[in-house]
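Colleague: Quick one, run_12.txt (compact mmCIF, N, CA and C atoms and all ligand atoms):
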```
# COMPACT_ATOMS: atom_id res chain seq x y z
N MET A 1127 0.85 -1.19 0.00
CA MET A 1127 0.00 0.00 0.00
C MET A 1127 0.89 1.24 0.00
N SER A 1128 0.56 2.24 -0.81
CA SER A 1128 1.31 3.48 -0.78
C SER A 1128 0.35 4.64 -0.54
N GLN A 1129 0.88 5.70 0.04
CA GLN A 1129 0.05 6.86 0.35
C GLN A 1129 0.48 8.01 -0.53
N ILE A 1130 -0.46 8.56 -1.25
CA ILE A 1130 -0.19 9.60 -2.25
C ILE A 1130 0.44 10.83 -1.61
N SER A 1131 0.12 11.07 -0.32
CA SER A 1131 0.63 12.27 0.34
C SER A 1131 1.98 12.04 1.02
N CYS A 1132 2.47 10.81 0.98
CA CYS A 1132 3.71 10.48 1.70
C CYS A 1132 4.90 10.67 0.76
N ILE A 1133 5.83 11.55 1.15
CA ILE A 1133 6.97 11.85 0.29
C ILE A 1133 7.83 10.61 0.05
N PHE A 1134 7.98 9.75 1.04
CA PHE A 1134 8.81 8.56 0.84
C PHE A 1134 8.11 7.57 -0.09
N CYS A 1135 6.78 7.40 0.03
CA CYS A 1135 6.05 6.56 -0.94
C CYS A 1135 6.26 7.10 -2.35
N ARG A 1136 6.24 8.41 -2.49
CA ARG A 1136 6.38 9.02 -3.82
C ARG A 1136 7.79 8.77 -4.38
N ILE A 1137 8.81 8.87 -3.54
CA ILE A 1137 10.18 8.59 -4.00
C ILE A 1137 10.29 7.12 -4.41
N ILE A 1138 9.75 6.22 -3.58
CA ILE A 1138 9.82 4.78 -3.86
C ILE A 1138 9.22 4.46 -5.23
N HIS A 1139 8.11 5.13 -5.54
CA HIS A 1139 7.39 4.83 -6.79
C HIS A 1139 7.80 5.74 -7.95
N GLY A 1140 8.89 6.49 -7.76
CA GLY A 1140 9.41 7.32 -8.85
C GLY A 1140 8.55 8.52 -9.16
N GLN A 1141 7.69 8.92 -8.19
CA GLN A 1141 6.79 10.05 -8.42
C GLN A 1141 7.32 11.34 -7.82
N ALA A 1142 8.46 11.27 -7.14
CA ALA A 1142 9.12 12.46 -6.61
C ALA A 1142 10.61 12.21 -6.76
N PRO A 1143 11.40 13.28 -6.93
CA PRO A 1143 12.83 13.10 -7.11
C PRO A 1143 13.49 12.53 -5.87
N GLY A 1144 14.45 11.67 -6.08
CA GLY A 1144 15.18 11.07 -4.96
C GLY A 1144 16.36 10.32 -5.53
N GLU A 1145 17.49 10.35 -4.84
CA GLU A 1145 18.67 9.64 -5.34
C GLU A 1145 18.62 8.20 -4.83
N VAL A 1146 17.85 7.38 -5.54
CA VAL A 1146 17.67 5.98 -5.14
C VAL A 1146 18.94 5.21 -5.49
N ILE A 1147 19.50 4.51 -4.50
CA ILE A 1147 20.74 3.77 -4.75
C ILE A 1147 20.55 2.26 -4.59
N TYR A 1148 19.37 1.86 -4.12
CA TYR A 1148 19.10 0.43 -3.98
C TYR A 1148 17.58 0.23 -4.00
N GLN A 1149 17.13 -0.82 -4.67
CA GLN A 1149 15.70 -1.16 -4.61
C GLN A 1149 15.52 -2.64 -4.89
N ASP A 1150 14.67 -3.28 -4.08
CA ASP A 1150 14.24 -4.64 -4.38
C ASP A 1150 12.73 -4.70 -4.16
N GLU A 1151 12.19 -5.92 -4.10
CA GLU A 1151 10.72 -6.04 -4.06
C GLU A 1151 10.10 -5.50 -2.77
N GLU A 1152 10.91 -5.36 -1.71
CA GLU A 1152 10.30 -4.87 -0.47
C GLU A 1152 11.04 -3.70 0.20
N ILE A 1153 12.19 -3.32 -0.33
CA ILE A 1153 13.01 -2.28 0.32
C ILE A 1153 13.59 -1.33 -0.73
N THR A 1154 13.65 -0.04 -0.36
CA THR A 1154 14.30 0.99 -1.20
C THR A 1154 15.27 1.78 -0.32
N ALA A 1155 16.38 2.23 -0.91
CA ALA A 1155 17.32 3.09 -0.18
C ALA A 1155 17.65 4.29 -1.06
N PHE A 1156 17.68 5.46 -0.43
CA PHE A 1156 18.01 6.70 -1.15
C PHE A 1156 18.76 7.63 -0.21
N ARG A 1157 19.47 8.59 -0.81
CA ARG A 1157 20.28 9.51 -0.01
C ARG A 1157 19.39 10.55 0.66
N ASP A 1158 19.73 10.85 1.93
CA ASP A 1158 18.99 11.87 2.67
C ASP A 1158 19.21 13.23 2.03
N ILE A 1159 18.14 14.02 1.95
CA ILE A 1159 18.21 15.33 1.29
C ILE A 1159 19.02 16.33 2.12
N HIS A 1160 19.09 16.13 3.42
CA HIS A 1160 19.88 16.99 4.31
C HIS A 1160 20.87 16.14 5.09
N PRO A 1161 21.96 15.71 4.41
CA PRO A 1161 22.85 14.73 5.05
C PRO A 1161 23.51 15.26 6.33
N GLN A 1162 23.51 14.43 7.34
CA GLN A 1162 24.12 14.77 8.64
C GLN A 1162 25.51 14.15 8.79
N ALA A 1163 25.98 13.52 7.74
CA ALA A 1163 27.31 12.89 7.73
C ALA A 1163 27.69 12.72 6.26
N PRO A 1164 28.97 12.49 5.95
CA PRO A 1164 29.36 12.31 4.55
C PRO A 1164 28.55 11.21 3.85
N VAL A 1165 28.22 10.15 4.57
CA VAL A 1165 27.28 9.14 4.05
C VAL A 1165 26.03 9.20 4.91
N HIS A 1166 24.89 9.48 4.29
CA HIS A 1166 23.61 9.49 5.02
C HIS A 1166 22.54 8.96 4.07
N ILE A 1167 22.18 7.71 4.31
CA ILE A 1167 21.24 6.99 3.44
C ILE A 1167 20.03 6.58 4.27
N LEU A 1168 18.86 6.62 3.66
CA LEU A 1168 17.63 6.16 4.31
C LEU A 1168 17.21 4.85 3.67
N ILE A 1169 16.99 3.83 4.50
CA ILE A 1169 16.55 2.51 4.04
C ILE A 1169 15.11 2.36 4.49
N VAL A 1170 14.20 2.14 3.54
CA VAL A 1170 12.77 2.18 3.87
C VAL A 1170 12.05 0.96 3.30
N PRO A 1171 10.97 0.52 3.96
CA PRO A 1171 10.13 -0.51 3.35
C PRO A 1171 9.33 0.10 2.21
N ASN A 1172 9.12 -0.64 1.12
CA ASN A 1172 8.32 -0.12 0.02
C ASN A 1172 6.87 0.08 0.43
N ARG A 1173 6.41 -0.76 1.37
CA ARG A 1173 5.05 -0.64 1.90
C ARG A 1173 5.01 0.50 2.90
N HIS A 1174 3.91 1.25 2.90
CA HIS A 1174 3.80 2.38 3.83
C HIS A 1174 3.53 1.88 5.25
N ILE A 1175 4.59 1.81 6.06
CA ILE A 1175 4.49 1.49 7.48
C ILE A 1175 4.87 2.78 8.20
N PRO A 1176 3.98 3.36 9.03
CA PRO A 1176 4.26 4.69 9.58
C PRO A 1176 5.46 4.77 10.52
N ALA A 1177 5.70 3.73 11.31
CA ALA A 1177 6.75 3.82 12.34
C ALA A 1177 7.02 2.44 12.90
N VAL A 1178 8.07 2.34 13.71
CA VAL A 1178 8.35 1.08 14.41
C VAL A 1178 7.11 0.65 15.20
N ALA A 1179 6.42 1.63 15.78
CA ALA A 1179 5.25 1.33 16.60
C ALA A 1179 4.15 0.62 15.81
N ALA A 1180 4.18 0.73 14.49
CA ALA A 1180 3.13 0.12 13.65
C ALA A 1180 3.54 -1.23 13.08
N LEU A 1181 4.74 -1.72 13.44
CA LEU A 1181 5.19 -3.01 12.92
C LEU A 1181 4.38 -4.16 13.51
N HIS A 1182 4.21 -5.21 12.71
CA HIS A 1182 3.54 -6.43 13.17
C HIS A 1182 4.58 -7.54 13.29
N PRO A 1183 4.28 -8.58 14.05
CA PRO A 1183 5.23 -9.70 14.14
C PRO A 1183 5.63 -10.25 12.76
N ASP A 1184 4.71 -10.20 11.80
CA ASP A 1184 5.02 -10.68 10.44
C ASP A 1184 6.08 -9.84 9.74
N ASP A 1185 6.37 -8.66 10.26
CA ASP A 1185 7.35 -7.78 9.64
C ASP A 1185 8.78 -8.06 10.12
N ALA A 1186 8.94 -9.09 10.94
CA ALA A 1186 10.26 -9.36 11.52
C ALA A 1186 11.34 -9.56 10.46
N SER A 1187 11.04 -10.30 9.40
CA SER A 1187 12.07 -10.53 8.39
C SER A 1187 12.32 -9.26 7.59
N LEU A 1188 11.29 -8.47 7.37
CA LEU A 1188 11.46 -7.20 6.65
C LEU A 1188 12.42 -6.28 7.41
N ILE A 1189 12.20 -6.12 8.70
CA ILE A 1189 13.06 -5.21 9.47
C ILE A 1189 14.48 -5.77 9.55
N GLY A 1190 14.59 -7.09 9.62
CA GLY A 1190 15.91 -7.72 9.60
C GLY A 1190 16.61 -7.47 8.27
N ARG A 1191 15.87 -7.58 7.19
CA ARG A 1191 16.47 -7.35 5.86
C ARG A 1191 16.89 -5.91 5.70
N MET A 1192 16.15 -4.98 6.29
CA MET A 1192 16.55 -3.56 6.20
C MET A 1192 17.94 -3.37 6.80
N ILE A 1193 18.22 -4.05 7.89
CA ILE A 1193 19.54 -3.94 8.52
C ILE A 1193 20.61 -4.59 7.62
N LEU A 1194 20.26 -5.72 7.01
CA LEU A 1194 21.23 -6.37 6.12
C LEU A 1194 21.51 -5.52 4.89
N VAL A 1195 20.48 -4.84 4.36
CA VAL A 1195 20.69 -3.92 3.23
C VAL A 1195 21.60 -2.79 3.67
N ALA A 1196 21.37 -2.25 4.87
CA ALA A 1196 22.23 -1.17 5.39
C ALA A 1196 23.69 -1.65 5.46
N ARG A 1197 23.89 -2.86 5.93
CA ARG A 1197 25.25 -3.40 6.03
C ARG A 1197 25.90 -3.49 4.65
N GLU A 1198 25.16 -3.93 3.64
CA GLU A 1198 25.70 -4.02 2.28
C GLU A 1198 26.03 -2.64 1.73
N LEU A 1199 25.14 -1.67 1.98
CA LEU A 1199 25.36 -0.32 1.46
C LEU A 1199 26.57 0.31 2.17
N ALA A 1200 26.76 0.01 3.45
CA ALA A 1200 27.92 0.52 4.18
C ALA A 1200 29.21 0.01 3.52
N LYS A 1201 29.20 -1.25 3.10
CA LYS A 1201 30.37 -1.81 2.39
C LYS A 1201 30.58 -1.06 1.09
N ARG A 1202 29.49 -0.90 0.33
CA ARG A 1202 29.56 -0.24 -0.97
C ARG A 1202 30.05 1.20 -0.87
N GLU A 1203 29.66 1.86 0.22
CA GLU A 1203 30.00 3.28 0.40
C GLU A 1203 31.39 3.46 1.03
N GLY A 1204 32.04 2.34 1.39
CA GLY A 1204 33.40 2.39 1.91
C GLY A 1204 33.50 2.78 3.37
N ILE A 1205 32.42 2.56 4.15
CA ILE A 1205 32.47 2.94 5.57
C ILE A 1205 32.36 1.71 6.48
N ALA A 1206 32.45 0.52 5.88
CA ALA A 1206 32.25 -0.69 6.69
C ALA A 1206 33.33 -0.84 7.76
N SER A 1207 34.58 -0.50 7.42
CA SER A 1207 35.65 -0.72 8.40
C SER A 1207 35.81 0.47 9.35
N THR A 1208 35.49 1.68 8.90
CA THR A 1208 35.64 2.85 9.78
C THR A 1208 34.47 2.94 10.76
N GLY A 1209 33.35 2.36 10.40
CA GLY A 1209 32.21 2.33 11.31
C GLY A 1209 31.07 3.20 10.83
N TYR A 1210 29.90 2.87 11.32
CA TYR A 1210 28.69 3.60 10.92
C TYR A 1210 27.64 3.44 11.99
N ARG A 1211 26.63 4.28 11.91
CA ARG A 1211 25.55 4.25 12.88
C ARG A 1211 24.23 4.00 12.17
N LEU A 1212 23.40 3.13 12.75
CA LEU A 1212 22.05 2.86 12.25
C LEU A 1212 21.07 3.43 13.27
N VAL A 1213 20.13 4.24 12.79
CA VAL A 1213 19.20 4.93 13.69
C VAL A 1213 17.79 4.82 13.15
N ILE A 1214 16.84 4.54 14.03
CA ILE A 1214 15.41 4.66 13.69
C ILE A 1214 14.78 5.54 14.75
N ASN A 1215 14.28 6.70 14.35
CA ASN A 1215 13.55 7.56 15.26
C ASN A 1215 12.09 7.15 15.23
N ASN A 1216 11.51 7.00 16.42
CA ASN A 1216 10.10 6.61 16.51
C ASN A 1216 9.36 7.61 17.39
N GLY A 1217 8.48 8.39 16.76
CA GLY A 1217 7.64 9.30 17.54
C GLY A 1217 8.26 10.67 17.74
N PRO A 1218 7.44 11.62 18.23
CA PRO A 1218 7.84 13.03 18.28
C PRO A 1218 9.06 13.31 19.16
N GLN A 1219 9.15 12.74 20.34
CA GLN A 1219 10.29 13.08 21.20
C GLN A 1219 11.61 12.54 20.64
N ALA A 1220 11.52 11.52 19.82
CA ALA A 1220 12.74 10.98 19.19
C ALA A 1220 13.11 11.77 17.94
N GLY A 1221 12.22 12.65 17.50
CA GLY A 1221 12.52 13.48 16.33
C GLY A 1221 12.06 12.90 15.01
N GLN A 1222 11.15 11.91 15.05
CA GLN A 1222 10.64 11.39 13.78
C GLN A 1222 9.83 12.47 13.07
N SER A 1223 10.27 12.82 11.85
CA SER A 1223 9.59 13.90 11.13
C SER A 1223 8.85 13.42 9.89
N ILE A 1224 9.13 12.20 9.45
CA ILE A 1224 8.42 11.62 8.29
C ILE A 1224 7.77 10.32 8.77
N ASP A 1225 6.46 10.24 8.55
CA ASP A 1225 5.71 9.09 9.07
C ASP A 1225 5.70 7.92 8.09
N HIS A 1226 6.89 7.57 7.62
CA HIS A 1226 7.10 6.34 6.85
C HIS A 1226 8.40 5.77 7.41
N LEU A 1227 8.30 4.59 8.00
CA LEU A 1227 9.45 3.97 8.67
C LEU A 1227 10.73 4.11 7.85
N HIS A 1228 11.82 4.53 8.49
CA HIS A 1228 13.09 4.66 7.78
C HIS A 1228 14.24 4.40 8.74
N LEU A 1229 15.22 3.68 8.22
CA LEU A 1229 16.45 3.38 8.95
C LEU A 1229 17.54 4.29 8.39
N HIS A 1230 18.11 5.14 9.27
CA HIS A 1230 19.21 6.01 8.84
C HIS A 1230 20.51 5.21 8.87
N LEU A 1231 21.30 5.30 7.80
CA LEU A 1231 22.67 4.79 7.77
C LEU A 1231 23.58 6.01 7.68
N LEU A 1232 24.36 6.21 8.76
CA LEU A 1232 25.23 7.40 8.85
C LEU A 1232 26.67 6.95 9.01
N GLY A 1233 27.58 7.60 8.28
CA GLY A 1233 28.99 7.25 8.43
C GLY A 1233 29.89 8.23 7.71
N GLY A 1234 31.19 8.00 7.85
CA GLY A 1234 32.16 8.86 7.19
C GLY A 1234 32.72 9.95 8.08
N ARG A 1235 32.30 9.98 9.33
CA ARG A 1235 32.88 10.91 10.30
C ARG A 1235 32.76 10.29 11.69
N THR A 1236 33.53 10.85 12.64
CA THR A 1236 33.43 10.40 14.03
C THR A 1236 32.13 10.93 14.63
N MET A 1237 31.47 10.08 15.40
CA MET A 1237 30.20 10.48 16.01
C MET A 1237 30.30 10.46 17.52
N ARG A 1238 29.50 11.31 18.13
CA ARG A 1238 29.50 11.38 19.59
C ARG A 1238 28.35 10.54 20.15
N TRP A 1239 28.48 10.27 21.43
CA TRP A 1239 27.42 9.56 22.14
C TRP A 1239 27.32 10.16 23.54
N PRO A 1240 26.16 10.41 24.14
CA PRO A 1240 24.85 10.12 23.56
C PRO A 1240 24.43 11.15 22.53
N PRO A 1241 23.50 10.76 21.63
CA PRO A 1241 22.99 11.69 20.64
C PRO A 1241 22.14 12.77 21.34
N GLY A 1242 21.93 13.88 20.70
CA GLY A 1242 21.18 14.98 21.30
C GLY A 1242 19.71 14.70 21.48
P1 LIG B 1301 13.47 11.52 10.82
O1 LIG B 1301 13.74 12.89 11.39
O2 LIG B 1301 12.00 11.31 10.57
O3 LIG B 1301 14.10 10.40 11.57
O4 LIG B 1301 14.20 11.51 9.43
C1 LIG B 1301 13.63 12.03 8.26
C2 LIG B 1301 14.75 12.27 7.30
O5 LIG B 1301 14.19 12.44 6.01
C3 LIG B 1301 15.55 13.55 7.60
O6 LIG B 1301 16.92 13.20 7.80
C4 LIG B 1301 15.32 14.42 6.37
O7 LIG B 1301 16.46 15.14 5.99
C5 LIG B 1301 14.92 13.40 5.31
N1 LIG B 1301 14.03 13.92 4.30
C6 LIG B 1301 12.92 14.69 4.50
N2 LIG B 1301 12.32 14.96 3.33
C7 LIG B 1301 13.07 14.33 2.37
C8 LIG B 1301 12.95 14.25 0.94
O8 LIG B 1301 12.04 14.79 0.31
N3 LIG B 1301 13.90 13.52 0.28
C9 LIG B 1301 14.92 12.91 0.95
N4 LIG B 1301 15.80 12.22 0.20
N5 LIG B 1301 15.06 12.97 2.28
C10 LIG B 1301 14.14 13.68 2.99
ZN ZN B 1302 4.82 6.21 2.77
```
Could you render the structure as structure tokens?
Ligand code: 5GP
Ligand code: ZN
Modeller:
Amino acid sequence: MSQISCIFCRIIHGQAPGEVIYQDEEITAFRDIHPQAPVHILIVPNRHIPAVAALHPDDASLIGRMILVARELAKREGIASTGYRLVINNGPQAGQSIDHLHLHLLGGRTMRWPPG
């Protein structure tokens, strides 16, 4: 299912501009429009799932595959050995601003902890 008003659904279906670097039958990855690191990629399910909070037990393999795709893209982008961070913001206090589940892949610079 896709939502016409959702910017990520539109990117997935080629209806809005986006630098898509990976796509398969259930997952798409594209570069973040406001990168917070030299490598900043968003890995998203093709199906419109609003947030982690909306996942079902049946989505376990999908969410697992999203992490495996992130790992492959980290290798491709040359940040596998230097390290990278995977982030999913869920809900307003975590800073989720787009209501289509997305896994951030960030790398290419040193990062601090804890995040802000
Ligand atoms: P969140 O804050 O929800 O965890 O992350 C949303 C991310 O989506 C942000 O890093 C933001 O820069 C990115 N973003 C928002 N709108 C667009 C867009 O139209 N295209 C792309 N490629 N990224 C977007
Ligand atoms: Zn969507």
Colleague: Kindly compile the residues surrounding ligand ZN 1302 (chain B) within 7 Å, counting all atoms listed in the file, and format them as a list in words.
Modeller: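 Written in the requested form, the residues are Met1127, Ser1128, Gln1129, Ser1131, Cys1132, Ile1133, Phe1134, Cys1135, Arg1136, Asn1172, Arg1173, His1174, Ile1175, Pro1176, Asp1225, His1226 and Leu1227 of chain A.
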Colleague: One number please: atom N of Leu1212 of chain A to atom C of Pro1143 of chain A, in Å, one decimal.
Modeller: 23.1 Å
Colleague: Can you tell me which residues come within 7 Å of ligand LIG 1301 (chain B) when counting only C-alpha atoms and all ligand atoms, ideally as a PyMOL selection string?
Modeller: chain A and resi 1133+1144-1145+1156-1161+1214-1215+1221-1225+1228
Colleague: May I ask which of the residues A:Pro1164, A:Tyr1148, A:Tyr1210, A:Ile1153 is the closest one to Met1192 of chain A, counting all atoms listed in the file?
Modeller: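 The closest residue to Met1192 of chain A is A:Ile1153.
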Colleague: Please provide the set of residues having any atom within 12 Å of Gln1162 of chain A, restricted to only C-alpha atoms, with same-chain residues fewer than 2 positions apart removed, written as a list of chain:residue names.
Modeller: A:Arg1157, A:Asp1158, A:Ile1159, A:His1160, A:Pro1164, A:Val1165, A:His1166, A:Ile1167, A:Leu1168, A:Arg1211, A:His1230, A:Leu1231, A:Leu1232, A:Gly1233, A:Gly1234, A:Arg1235, A:Thr1236, A:Met1237
Colleague: Residues of chain A classed as helix (DSSP H, G or I) by DSSP on the backbone are to be reported as a PyMOL selection string.
Modeller: chain A and resi 1133-1138+1178-1180+1183-1202+1218-1220
Colleague: Find, counting only C-alpha atoms, the residue in A:Ile1130, A:Ala1155, A:Ile1137, A:Val1146 that gets nearest to Glu1198 of chain A.
Modeller: A:Ala1155
Colleague: Counting all atoms listed in the file, which residues sit no farther than 8 Å from the position (8.8, -2.9, -4.4) in the file's frame? I'd like them as a list in words.
Modeller: Ile1138, Gln1149, Asp1150, Glu1151, Glu1152, Ile1153, Thr1154, Pro1171, Asn1172 and Arg1173 of chain A
Colleague: Please, which residues of segment 1142-1208 of chain A, numbered as in this document, come out strand (DSSP E) from DSSP, as a list in words?
Modeller: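 Going through segment 1142-1208 of chain A, the strand (DSSP E) residues come out as Val1146, Ile1147, Tyr1148, Gln1149, Ile1153, Thr1154, Ala1155, Phe1156, Arg1157, Val1165, His1166, Ile1167, Leu1168, Ile1169, Val1170 and Pro1171 of chain A.
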Colleague: Keeping only N, CA and C atoms, write the selected residues to a file as a PDB file, in the frame of the given file.
Modeller:
```
ATOM      1  N   VAL A1146      17.850   7.380  -5.540  1.00  0.00           N
ATOM      2  CA  VAL A1146      17.670   5.980  -5.140  1.00  0.00           C
ATOM      3  C   VAL A1146      18.940   5.210  -5.490  1.00  0.00           C
ATOM      4  N   ILE A1147      19.500   4.510  -4.500  1.00  0.00           N
ATOM      5  CA  ILE A1147      20.740   3.770  -4.750  1.00  0.00           C
ATOM      6  C   ILE A1147      20.550   2.260  -4.590  1.00  0.00           C
ATOM      7  N   TYR A1148      19.370   1.860  -4.120  1.00  0.00           N
ATOM      8  CA  TYR A1148      19.100   0.430  -3.980  1.00  0.00           C
ATOM      9  C   TYR A1148      17.580   0.230  -4.000  1.00  0.00           C
ATOM     10  N   GLN A1149      17.130  -0.820  -4.670  1.00  0.00           N
ATOM     11  CA  GLN A1149      15.700  -1.160  -4.610  1.00  0.00           C
ATOM     12  C   GLN A1149      15.520  -2.640  -4.890  1.00  0.00           C
ATOM     13  N   ILE A1153      12.190  -3.320  -0.330  1.00  0.00           N
ATOM     14  CA  ILE A1153      13.010  -2.280   0.320  1.00  0.00           C
ATOM     15  C   ILE A1153      13.590  -1.330  -0.730  1.00  0.00           C
ATOM     16  N   THR A1154      13.650  -0.040  -0.360  1.00  0.00           N
ATOM     17  CA  THR A1154      14.300   0.990  -1.200  1.00  0.00           C
ATOM     18  C   THR A1154      15.270   1.780  -0.320  1.00  0.00           C
ATOM     19  N   ALA A1155      16.380   2.230  -0.910  1.00  0.00           N
ATOM     20  CA  ALA A1155      17.320   3.090  -0.180  1.00  0.00           C
ATOM     21  C   ALA A1155      17.650   4.290  -1.060  1.00  0.00           C
ATOM     22  N   PHE A1156      17.680   5.460  -0.430  1.00  0.00           N
ATOM     23  CA  PHE A1156      18.010   6.700  -1.150  1.00  0.00           C
ATOM     24  C   PHE A1156      18.760   7.630  -0.210  1.00  0.00           C
ATOM     25  N   ARG A1157      19.470   8.590  -0.810  1.00  0.00           N
ATOM     26  CA  ARG A1157      20.280   9.510  -0.010  1.00  0.00           C
ATOM     27  C   ARG A1157      19.390  10.550   0.660  1.00  0.00           C
ATOM     28  N   VAL A1165      28.220  10.150   4.570  1.00  0.00           N
ATOM     29  CA  VAL A1165      27.280   9.140   4.050  1.00  0.00           C
ATOM     30  C   VAL A1165      26.030   9.200   4.910  1.00  0.00           C
ATOM     31  N   HIS A1166      24.890   9.480   4.290  1.00  0.00           N
ATOM     32  CA  HIS A1166      23.610   9.490   5.020  1.00  0.00           C
ATOM     33  C   HIS A1166      22.540   8.960   4.070  1.00  0.00           C
ATOM     34  N   ILE A1167      22.180   7.710   4.310  1.00  0.00           N
ATOM     35  CA  ILE A1167      21.240   6.990   3.440  1.00  0.00           C
ATOM     36  C   ILE A1167      20.030   6.580   4.270  1.00  0.00           C
ATOM     37  N   LEU A1168      18.860   6.620   3.660  1.00  0.00           N
ATOM     38  CA  LEU A1168      17.630   6.160   4.310  1.00  0.00           C
ATOM     39  C   LEU A1168      17.210   4.850   3.670  1.00  0.00           C
ATOM     40  N   ILE A1169      16.990   3.830   4.500  1.00  0.00           N
ATOM     41  CA  ILE A1169      16.550   2.510   4.040  1.00  0.00           C
ATOM     42  C   ILE A1169      15.110   2.360   4.490  1.00  0.00           C
ATOM     43  N   VAL A1170      14.200   2.140   3.540  1.00  0.00           N
ATOM     44  CA  VAL A1170      12.770   2.180   3.870  1.00  0.00           C
ATOM     45  C   VAL A1170      12.050   0.960   3.300  1.00  0.00           C
ATOM     46  N   PRO A1171      10.970   0.520   3.960  1.00  0.00           N
ATOM     47  CA  PRO A1171      10.130  -0.510   3.350  1.00  0.00           C
ATOM     48  C   PRO A1171       9.330   0.100   2.210  1.00  0.00           C
TER      49      PRO A1171
END
```
Colleague: Interatomic distance between atom CA of Ile1169 of chain A and atom CA of Gln1219 of chain A?
Modeller: 21.1 Å
Colleague: Of the candidates A:Ala1186, A:Val1213, A:Ile1147, A:Ala1179, which shows the shortest atom-to-atom distance to Leu1229 of chain A, using only C-alpha atoms?
Modeller: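 Of all the options, A:Val1213 lies closest to Leu1229 of chain A.
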Colleague: Between atom CA of Ala1220 of chain A and atom CA of Gly1140 of chain A, what is the distance in Å, rounded to a tenth?
Modeller: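 Atom CA of Ala1220 of chain A sits 28.5 Å away from atom CA of Gly1140 of chain A.
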Colleague: Since the input lacks atoms, please generate all heavy atoms for segment 1181-1186 of chain A and provide them as a PDB file, in the frame of the given file.
Modeller:
```
ATOM      1  N   LEU A1181       4.740  -1.720  13.440  1.00  0.00           N
ATOM      2  CA  LEU A1181       5.190  -3.010  12.920  1.00  0.00           C
ATOM      3  C   LEU A1181       4.380  -4.160  13.510  1.00  0.00           C
ATOM      4  O   LEU A1181       3.935  -4.088  14.660  1.00  0.00           O
ATOM      5  CB  LEU A1181       6.671  -3.224  13.269  1.00  0.00           C
ATOM      6  CG  LEU A1181       7.686  -2.427  12.445  1.00  0.00           C
ATOM      7  CD1 LEU A1181       9.058  -2.496  13.107  1.00  0.00           C
ATOM      8  CD2 LEU A1181       7.749  -2.938  11.007  1.00  0.00           C
ATOM      9  N   HIS A1182       4.210  -5.210  12.710  1.00  0.00           N
ATOM     10  CA  HIS A1182       3.540  -6.430  13.170  1.00  0.00           C
ATOM     11  C   HIS A1182       4.580  -7.540  13.290  1.00  0.00           C
ATOM     12  O   HIS A1182       5.636  -7.463  12.650  1.00  0.00           O
ATOM     13  CB  HIS A1182       2.464  -6.843  12.161  1.00  0.00           C
ATOM     14  CG  HIS A1182       1.322  -5.892  12.087  1.00  0.00           C
ATOM     15  ND1 HIS A1182       0.359  -5.818  13.065  1.00  0.00           N
ATOM     16  CD2 HIS A1182       1.001  -4.946  11.173  1.00  0.00           C
ATOM     17  CE1 HIS A1182      -0.514  -4.883  12.756  1.00  0.00           C
ATOM     18  NE2 HIS A1182      -0.161  -4.323  11.615  1.00  0.00           N
ATOM     19  N   PRO A1183       4.280  -8.580  14.050  1.00  0.00           N
ATOM     20  CA  PRO A1183       5.230  -9.700  14.140  1.00  0.00           C
ATOM     21  C   PRO A1183       5.630 -10.250  12.760  1.00  0.00           C
ATOM     22  O   PRO A1183       6.784 -10.643  12.563  1.00  0.00           O
ATOM     23  CB  PRO A1183       4.456 -10.747  14.955  1.00  0.00           C
ATOM     24  CG  PRO A1183       3.533  -9.924  15.806  1.00  0.00           C
ATOM     25  CD  PRO A1183       3.141  -8.744  14.958  1.00  0.00           C
ATOM     26  N   ASP A1184       4.710 -10.200  11.800  1.00  0.00           N
ATOM     27  CA  ASP A1184       5.020 -10.680  10.440  1.00  0.00           C
ATOM     28  C   ASP A1184       6.080  -9.840   9.740  1.00  0.00           C
ATOM     29  O   ASP A1184       6.612 -10.255   8.708  1.00  0.00           O
ATOM     30  CB  ASP A1184       3.755 -10.623   9.555  1.00  0.00           C
ATOM     31  CG  ASP A1184       2.800 -11.751   9.863  1.00  0.00           C
ATOM     32  OD1 ASP A1184       3.146 -12.610  10.697  1.00  0.00           O
ATOM     33  OD2 ASP A1184       1.700 -11.770   9.270  1.00  0.00           O
ATOM     34  N   ASP A1185       6.370  -8.660  10.260  1.00  0.00           N
ATOM     35  CA  ASP A1185       7.350  -7.780   9.640  1.00  0.00           C
ATOM     36  C   ASP A1185       8.780  -8.060  10.120  1.00  0.00           C
ATOM     37  O   ASP A1185       9.713  -7.344   9.758  1.00  0.00           O
ATOM     38  CB  ASP A1185       7.014  -6.309   9.930  1.00  0.00           C
ATOM     39  CG  ASP A1185       5.689  -5.883   9.327  1.00  0.00           C
ATOM     40  OD1 ASP A1185       5.398  -6.300   8.189  1.00  0.00           O
ATOM     41  OD2 ASP A1185       4.942  -5.136   9.995  1.00  0.00           O
ATOM     42  N   ALA A1186       8.940  -9.090  10.940  1.00  0.00           N
ATOM     43  CA  ALA A1186      10.260  -9.360  11.520  1.00  0.00           C
ATOM     44  C   ALA A1186      11.340  -9.560  10.460  1.00  0.00           C
ATOM     45  O   ALA A1186      12.446  -9.018  10.576  1.00  0.00           O
ATOM     46  CB  ALA A1186      10.193 -10.589  12.438  1.00  0.00           C
TER      47      ALA A1186
END
```
